[in-house]
Amino acid sequence: MRSAFTRTGHLLIAITFGCGATISCLAQELAPSPADLATPAFEELPELQASEILKPEVLKGPYHTVREPVPTFSGMNQFVVDSEFGVFPAEGNEMVLRRVKEVYAIAQLKDVSRTDQFKDSLVAAAKSPLNAAKNIVKDPVQAVSNVPKGVMKFMNRAGNTVKNIGKKEPGSEADGNKMEQVIGYSDKKRKIAVSMGIDPYSSNAVLQKELEGIAWASWAGGFTFRAATMPISGPVGIALAVTNVSGTLDKLLSEKSPAELREINRAALRAMGASEQDTERFLSNDAFSPTHSTALVLNLKSLANVANRAAIVRLAANHSSNEADALFCVQTAALMGRIHADEMPLARIEMLGDFPVCIAQNGTVVLALQWDYAAWTAGAASVTAEVQKLAETKGNKGVLIALSGDASPRLKQELMSRGFTLHDRVSPGPLK
């Protein structure tokens with residue numbers, strides 16, 4: 001990140017919860033402290049090497065290879081996964097896990113589609129009365145457009161507003177149209193996906209095509225799909241979501257339609273204090289698939305008794321416009337929940353401009369962020385100064401920064417010299 005929080009940015013945007021953009025204004029207006037000015041230069045973000053940072057099973061396997069150069073910007077490591085089924089860009093550590101897992105799911109689904117049982121089921125499906133309804137089934141997801149994403153997008157607030165934030169009409173979520181719910185096609189598809197540990201609402205078009213074929217043969221042709229008979233190992237065994245609530249999430253995705261998830265999430269958000277307007281805007285924001293919206297709600301619920309969780313709902317609703325934004329919010333909330341449960345009970349969420357920070361019960365200022373690679377930049381120095389001011393108003397009880405990924409040695413040194421505590425690799429995911 002440069003001092004104006006441009007797309008090359010580093011840390012503290014890292015000290016910004018992706019869903020809060022006003023902090024960028026603060027960073028642009030604040031001058032670095034004298035100690036910062038004495039430093040001859042700030043860091044430039046490096047180009048990382050996949051072989052140096054990824055676990056071997058994520059780096060390469062029978063069906064995939066992650067390309068060696070890994071640029072890092074917008075708070076996310078930028079991966080490219082090559083496979084015999086296509087080339088899959090993956091923005092961020094969490095997404096590369098998903099894409100690698102999906103490659104192996106595609107391979108397994110293709111193997112299933114070659115079996116005699118599957119071919120016989122397609123013949124039966126073509127003769128089924130349900131065949132007339134086949135064209136009603138809609139493509140469940142839209143391709144993710146190549147627009148600014150993640151934390152950096154949220155920071156570019158000065159003079160700008162987020163445009164084209166997607167809105168869903170009631171009842172149009174993913175594959176949950178009324179006809180599909182009645183005929184059971186989407187139910188079959190969800191259960192197949194979740195049984196394989198993959199997201200039924202993934203934006204991976206190749207995966208969706210394979211899922212649709214198996215689901216069609218199952219729904220209309222009587223095909224029996226059993227994930228338990230398929231080998232689940234290596235990258236295919238990676239969890240569906242890196243979150244403290246994975247088990248509950250998988251169960252909900254498997255058993256509930258998008259419309260039912262919407263109602264469950266609506267009730268949960270209102271119960272935790274979100275306004276009706278913010279709740280409806282969040283539920284209508286198509287940056288959040290049924291998977292992402294449910295995961296965020298579950299992560300916020302894990303922040304039991306933490307005051308002002310509604311602030312995160314408001315910012316997620318108003319400032320998210322793509323899948324990367326949604327994942328950032330989901331994973332950051334998961335880190336907050338982990339700190340609250342395992343390390344330091346949180347009392348409330350407060351706003352620094354439009355930016356939410358956690359205040360622990362002991363007065364510590366806590367910044368928990370999904371951040372793949374964080375470095376020391378001019379913008380980081382400016383935001384650090386602002387956070388120090390906030391800590392002073394809390395009686396100087398300390399500042400804890402928790403990052404999901406890696407922090408550079410320089411960043412660690414600078415934060416330590418200011419009395420901050422830094423925990424990096426809190427949720428390393430695919431990292432060695």
# chains A, B, ... in the order shown; residues from 1 in each chain; ligands from 1
>>> residues_around(residues="region 118-123 of chain A", least_positions_apart="5", cutoff="7 Å", atoms="only C-alpha atoms", output="list in words")
Val112, Ser113, Ala217, Gly221, Gly222 and Phe223 of chain A
>>> atom_distance(atom1="CA of Ala220 (chain A)", atom2="CA of Ser257 (chain A)")
18.9 Å
>>> residues_around(residues="Ala368 (chain A)", least_positions_apart="3", cutoff="7 Å", atoms="only C-alpha atoms", output="PyMOL selection string")
chain A and resi 332+335-336+401-403
>>> write_last_selection(atoms="C-alpha atoms", output="short mmCIF file (atom, residue, chain, number, x, y, z; two decimals), in the first residue's frame")
data_model
loop_
_atom_site.label_atom_id
_atom_site.label_comp_id
_atom_site.auth_asym_id
_atom_site.auth_seq_id
_atom_site.Cartn_x
_atom_site.Cartn_y
_atom_site.Cartn_z
CA THR A 332 -11.92 -11.33 9.59
CA LEU A 335 -10.51 -14.26 13.55
CA MET A 336 -12.37 -11.97 15.92
CA ILE A 401 -2.91 -7.09 16.02
CA ALA A 402 -3.89 -10.56 14.80
CA LEU A 403 -3.25 -11.38 11.13
#
>>> atom_distance(atom1="CA of Ser321 (chain A)", atom2="CA of Ala287 (chain A)")
5.0 Å
>>> residues_around(residues="Val194 (chain A)", least_positions_apart="4", cutoff="12 Å", atoms="only C-alpha atoms", output="PyMOL selection string")
chain A and resi 102+105+187-190+198-202+211+226-228+239-241+246-256+291
>>> residues_around(residues="Lys389 (chain A)", least_positions_apart="5", cutoff="12 Å", atoms="only C-alpha atoms", output="list in words")
Leu30, Leu352, Val365, Ser382, Val383, Thr384, Lys394, Gly395, Asn396, Lys397, Gly398, Val399 and Arg418 of chain A
>>> write_last_selection(atoms="N, CA and C atoms", output="tab-separated table (two decimals), in the first residue's frame")
chain	number	residue	atom	x	y	z
A	30	LEU	N	-3.19	12.11	7.99
A	30	LEU	CA	-2.22	12.12	9.06
A	30	LEU	C	-0.80	12.03	8.50
A	352	LEU	N	-13.73	3.64	14.47
A	352	LEU	CA	-12.69	4.63	14.22
A	352	LEU	C	-13.00	5.19	12.85
A	365	VAL	N	-6.96	-2.71	22.75
A	365	VAL	CA	-7.48	-2.49	21.40
A	365	VAL	C	-7.04	-3.66	20.53
A	382	SER	N	0.93	5.74	9.30
A	382	SER	CA	-0.10	6.73	9.62
A	382	SER	C	-1.24	6.12	10.43
A	383	VAL	N	-1.69	4.95	10.01
A	383	VAL	CA	-2.79	4.32	10.72
A	383	VAL	C	-2.34	3.86	12.10
A	384	THR	N	-1.09	3.40	12.20
A	384	THR	CA	-0.55	3.02	13.50
A	384	THR	C	-0.64	4.19	14.47
A	394	LYS	N	-8.12	4.65	25.90
A	394	LYS	CA	-8.55	3.48	26.66
A	394	LYS	C	-7.62	3.19	27.84
A	395	GLY	N	-6.74	4.13	28.14
A	395	GLY	CA	-5.86	3.97	29.28
A	395	GLY	C	-4.59	3.22	28.98
A	396	ASN	N	-4.20	3.18	27.70
A	396	ASN	CA	-2.96	2.51	27.28
A	396	ASN	C	-2.87	1.08	27.80
A	397	LYS	N	-3.94	0.32	27.56
A	397	LYS	CA	-3.96	-1.09	27.96
A	397	LYS	C	-3.33	-2.00	26.91
A	398	GLY	N	-2.86	-1.41	25.83
A	398	GLY	CA	-2.17	-2.19	24.82
A	398	GLY	C	-2.95	-2.34	23.53
A	399	VAL	N	-2.22	-2.75	22.48
A	399	VAL	CA	-2.81	-3.02	21.17
A	399	VAL	C	-2.38	-4.41	20.72
A	418	ARG	N	6.73	0.15	18.93
A	418	ARG	CA	5.65	1.01	19.39
A	418	ARG	C	4.83	0.37	20.51
>>> residues_around(residues="Asp111 (chain A)", least_positions_apart="4", cutoff="12 Å", atoms="only C-alpha atoms", output="list in words")
Tyr104, Ala105, Ile106, Ala107, Thr115, Asp116, Gln117, Phe118, Lys119, Glu210, Ile214, Phe225, Met230 and Pro231 of chain A
>>> atom_distance(atom1="CA of Arg281 (chain A)", atom2="CA of Asn265 (chain A)")
12.4 Å
>>> select_by_dssp(residues="region 32-90 of chain A", states="helix (DSSP H, G or I)", output="ChimeraX atom specification")
/A:34-38,50-53,56-59
